[in-house]
Amino acid sequence: MTPKNKLGLFDLTMIVVGLVIGMGIFRTSSDAANAAITPSLFFIAWVAGGLIALCGALTYAEIGSRFPITGGYYKIFAECYHPSIAFSINCIILISNAASMAGVALIGAEYIAQVLFKDGADDTAKALIAMVPIAIFYGINLMGLRMSSKTQNVLMIFKISMLVLLISSIFFIKGESPTTTVVTGDFSIMDYIKSFGVALIAVSFTYGGYQQTINFGEEVHEPRKTIPRGIFIGLLIIIVLYLLVSYAYFNAIGFENLKTSRGIASIVAEKMFGPTGRTAASVLLFIAVLAYVNVLLLSNPRVMYAMGKDGILPAAFSKKNEKKDVLTISLTAFAAIGILVLFFAKTFDEILSFTIFLDSIGMASSAATIFILRKRTKHLDGTGIYKMKLYPLLPLIFIAAYIFVGTSIAFNTPGLALMGTIVFAAFLLIYFCIMYFKKKTA
């Protein structure tokens with residue numbers, strides 16, 4: 001790749017921003033507020049989440065720079081650990097992505113339910129509504145159709161416009177926080193630690209996506225300078241945006257009301273423009289959800305297809321409808337996982353904890369590969385690759401943070417943590433069964 005075609009500072013910054021800003025900010029501020037025992041802790045969690053994301057993004061950037069290979073997580077895990085670990089973690093990442101798809105679809109369902117049902121909808125009705133976009137885009141992808149990049153860009157504009165609208169509310173809505181923020185009680189240090197840990201669960205979901213910087217190490221111009229600058233600037237923009245949006249919620253709704261409110265973005269829109277604004281915001285956010293669901297249905301089945309081609313998953317996953325260029329089995333399996341998550345976990349909170357617990361396993365273990373890669377690729381030092389400063393502090397902070405988040409989930413919702421652990425163990429068992437039957441057949 002020539003220097004002219006490589007990613008510059010602006011390109012990488014925009015990629016980081018695009019990877020991280022998803023649909024979570026339109027819901028998770030409510031969950032973070034519900035977990036935080038004081039408003040200060042609520043905002044501290046958002047800043048801490050951004051700093052943790054910065055440590056992780058720089059760690060993944062060096063991993064990608066030292067081991068620039070197609071195949072992402074699977075190849076890196078297989079190289080640094082064992083193929084069984086690579087298989088298991090890659091599978092739980094796929095399940096986590098399917099759960100994220102289900103969670104985001106549920107966010108959209110919460111917004112559109114306000115339009116469809118005057119008296120609101122229960123959790124079961126919202127789960128059924130959330131299944132609709134998954135089923136629709138499963139059918140569209142099954143027919144071989146694709147949303148064009150222009151459509152995706154238009155839907156991204158909707159999302160950014162909503163962020164700008166929410167932030168602008170700070171100047172148009174008289175703050176309610178002084179009368180609605182009532183914090184009472186004598187809290188211990190452990191209360192603050194537990195509250196902070198649970199708040200980070202929601203915050204971590206919202207900051208996700210930066211790990212994809214692992215794919216850009218060899219495609220960046222002057223990586224030693226551009227990568228840290230692009231990641232730092234990108235995440236600084238995101239931290240500022242998230243803090244401003246969270247403050248907009250805090251200002252318009254009030255801290256105590258924010259804890260229990262659903263459809264928070266549409267509530268702010270209603271305060272600015274009346275009932276029409278609330279309806280318009282709900283519809284626009286549901287449309288933005290459709291784009292996210294479609295992207296996940298487009299990308300993740302290709303990971304399953306690649307694993308099938310490599311013989312890691314059963315050969316059925318490598319089947320393709322050549323006429324329509326559709327990965328029928330992989331697409332069906334991924335969509336089915338998303339539907340099953342909604343069937344068994346009807347609320348966003350349950351999906352959130354399950355997803356982040358699986359992510360905690362994947363994030364901590366993938367970031368730890370930097371210690372192995374640094375030793376194995378010493379010969380690359382000084383050749384122009386990106387090498388982070390403050391090593392090993394940054395990866396250690398990141399790993400410790402995700403262990404803390406995973407532990408918080410285990411204490412707060414032990415059933416979901418146990419389920420995530422069982423899923424991981426099950427994939428380990430499946431791997432060795434596959435290998436056993438392969439050897440037996442050979």
# chains A, B, ... in the order shown; residues from 1 in each chain; ligands from 1
$ residues_around --residues "Asp186 of chain A" --least-positions-apart "4" --cutoff "12 Å" --atoms "only C-alpha atoms" --output "compact mmCIF listing (two decimals) with N, CA and C atoms, in the first residue's frame"
# COMPACT_ATOMS: atom_id res chain seq x y z
N ILE A 37 -24.83 6.15 42.81
CA ILE A 37 -25.51 6.62 44.03
C ILE A 37 -25.46 8.14 44.17
N THR A 38 -24.60 8.79 43.38
CA THR A 38 -24.56 10.25 43.36
C THR A 38 -24.37 10.74 41.93
N MET A 190 -17.28 0.80 50.17
CA MET A 190 -17.73 -0.35 49.39
C MET A 190 -18.98 -0.03 48.58
N ASP A 191 -19.85 0.82 49.14
CA ASP A 191 -21.04 1.24 48.39
C ASP A 191 -20.64 1.99 47.12
N TYR A 192 -19.65 2.87 47.27
CA TYR A 192 -19.18 3.63 46.11
C TYR A 192 -18.52 2.72 45.08
$ atom_distance --atom1 "atom CA of Leu290 of chain A" --atom2 "atom CA of Leu243 of chain A"
25.4 Å
$ residues_around --residues "Phe171 of chain A" --least-positions-apart "2" --cutoff "12 Å" --atoms "only C-alpha atoms" --output "list in words"
Val164, Leu165, Leu166, Ile167, Ser168, Ser169, Ile173, Lys174, Gly175, Leu244, Tyr247, Ala248, Asn251, Ala252 and Met272 of chain A
$ write_last_selection --atoms "C-alpha atoms" --output "PDB file, in the first residue's frame"
ATOM      1  CA  VAL A 164     -26.514  17.446  18.261  1.00  0.00           C
ATOM      2  CA  LEU A 165     -30.192  17.988  19.057  1.00  0.00           C
ATOM      3  CA  LEU A 166     -29.829  16.504  22.535  1.00  0.00           C
ATOM      4  CA  ILE A 167     -26.743  18.592  23.309  1.00  0.00           C
ATOM      5  CA  SER A 168     -28.453  21.780  22.082  1.00  0.00           C
ATOM      6  CA  SER A 169     -31.246  21.153  24.619  1.00  0.00           C
ATOM      7  CA  ILE A 173     -34.374  23.679  28.523  1.00  0.00           C
ATOM      8  CA  LYS A 174     -34.319  25.116  32.008  1.00  0.00           C
ATOM      9  CA  GLY A 175     -32.478  22.620  34.176  1.00  0.00           C
ATOM     10  CA  LEU A 244     -22.546  16.569  27.017  1.00  0.00           C
ATOM     11  CA  TYR A 247     -25.546  16.233  31.033  1.00  0.00           C
ATOM     12  CA  ALA A 248     -28.385  17.094  28.619  1.00  0.00           C
ATOM     13  CA  ASN A 251     -30.442  18.768  32.899  1.00  0.00           C
ATOM     14  CA  ALA A 252     -33.753  18.041  31.151  1.00  0.00           C
ATOM     15  CA  MET A 272     -38.034  21.006  23.293  1.00  0.00           C
TER      16      MET A 272
END
$ residues_around --residues "Gln114 of chain A" --least-positions-apart "6" --cutoff "10 Å" --atoms "only C-alpha atoms" --output "ChimeraX atom specification"
/A:120-121,262-263,266,278-279,282-283
$ write_last_selection --atoms "N, CA and C atoms" --output "tab-separated table (two decimals), in the first residue's frame"
chain	number	residue	atom	x	y	z
A	120	GLY	N	-48.17	2.51	26.78
A	120	GLY	CA	-46.91	1.82	26.96
A	120	GLY	C	-47.03	0.34	26.67
A	121	ALA	N	-45.91	-0.35	26.64
A	121	ALA	CA	-45.87	-1.79	26.34
A	121	ALA	C	-45.06	-2.50	27.41
A	262	ARG	N	-37.43	5.75	30.51
A	262	ARG	CA	-37.13	5.00	29.29
A	262	ARG	C	-37.46	5.89	28.09
A	263	GLY	N	-36.71	5.70	27.00
A	263	GLY	CA	-36.91	6.58	25.86
A	263	GLY	C	-36.44	7.99	26.18
A	266	SER	N	-36.23	10.78	23.49
A	266	SER	CA	-37.52	11.30	23.05
A	266	SER	C	-38.16	12.19	24.12
A	278	ARG	N	-41.38	14.39	20.29
A	278	ARG	CA	-41.17	13.08	20.90
A	278	ARG	C	-41.44	11.97	19.89
A	279	THR	N	-42.53	12.09	19.15
A	279	THR	CA	-42.87	11.08	18.15
A	279	THR	C	-41.81	11.00	17.05
A	282	SER	N	-38.61	9.36	18.32
A	282	SER	CA	-38.79	7.91	18.51
A	282	SER	C	-38.70	7.17	17.18
A	283	VAL	N	-39.32	7.73	16.15
A	283	VAL	CA	-39.29	7.09	14.83
A	283	VAL	C	-37.88	7.13	14.24
$ closest_atom_pairs --of "segment 36-136 of chain A" --to "segment 389-410 of chain A" --cutoff "6 Å" --atoms "only C-alpha atoms" --output "JSON lines"
{"residue": "A:Ile52", "atom": "CA", "partner": "A:Phe398", "partner_atom": "CA", "distance": 5.6}
{"residue": "A:Cys55", "atom": "CA", "partner": "A:Leu394", "partner_atom": "CA", "distance": 5.1}
{"residue": "A:Gly56", "atom": "CA", "partner": "A:Phe398", "partner_atom": "CA", "distance": 5.6}
{"residue": "A:Thr59", "atom": "CA", "partner": "A:Pro395", "partner_atom": "CA", "distance": 5.9}
$ closest_residue --among "A:Tyr210, A:Phe348, A:Phe432, A:Phe286" --to "Gly49 of chain A" --atoms "only C-alpha atoms"
A:Tyr210
$ residues_around --residues "Gly103 of chain A" --least-positions-apart "5" --cutoff "8 Å" --atoms "only C-alpha atoms" --output "PyMOL selection string"
chain A and resi 342+348+351-352
$ write_last_selection --atoms "N, CA and C atoms" --output "PDB file, in the first residue's frame"
ATOM      1  N   LEU A 342     -33.327 -12.464  22.862  1.00  0.00           N
ATOM      2  CA  LEU A 342     -34.529 -11.708  23.183  1.00  0.00           C
ATOM      3  C   LEU A 342     -35.591 -12.587  23.844  1.00  0.00           C
ATOM      4  N   PHE A 348     -33.562  -5.065  28.537  1.00  0.00           N
ATOM      5  CA  PHE A 348     -32.258  -4.566  28.094  1.00  0.00           C
ATOM      6  C   PHE A 348     -31.198  -4.779  29.169  1.00  0.00           C
ATOM      7  N   ILE A 351     -29.762  -8.288  28.967  1.00  0.00           N
ATOM      8  CA  ILE A 351     -28.928  -8.417  27.768  1.00  0.00           C
ATOM      9  C   ILE A 351     -27.614  -7.667  27.954  1.00  0.00           C
ATOM     10  N   LEU A 352     -27.703  -6.480  28.556  1.00  0.00           N
ATOM     11  CA  LEU A 352     -26.515  -5.660  28.787  1.00  0.00           C
ATOM     12  C   LEU A 352     -25.494  -6.403  29.650  1.00  0.00           C
TER      13      LEU A 352
END
$ atom_distance --atom1 "atom CA of Leu429 of chain A" --atom2 "atom CA of Gly338 of chain A"
22.5 Å
$ closest_residue --among "A:Ile193, A:Ile44, A:Val17, A:Ile76" --to "Ile372 of chain A" --atoms "only C-alpha atoms"
A:Ile76
$ closest_residue --among "A:Val115, A:Ile231, A:Ala36, A:Ile361" --to "Met388 of chain A" --atoms "only C-alpha atoms"
A:Ile231
$ closest_residue --among "A:Ile25, A:Leu116, A:Val240, A:Ala99" --to "Val293 of chain A" --atoms "only C-alpha atoms"
A:Ala99
$ closest_residue --among "A:Ser40, A:Asn34, A:Thr328, A:Thr276" --to "Ile140 of chain A" --atoms "only C-alpha atoms"
A:Thr328
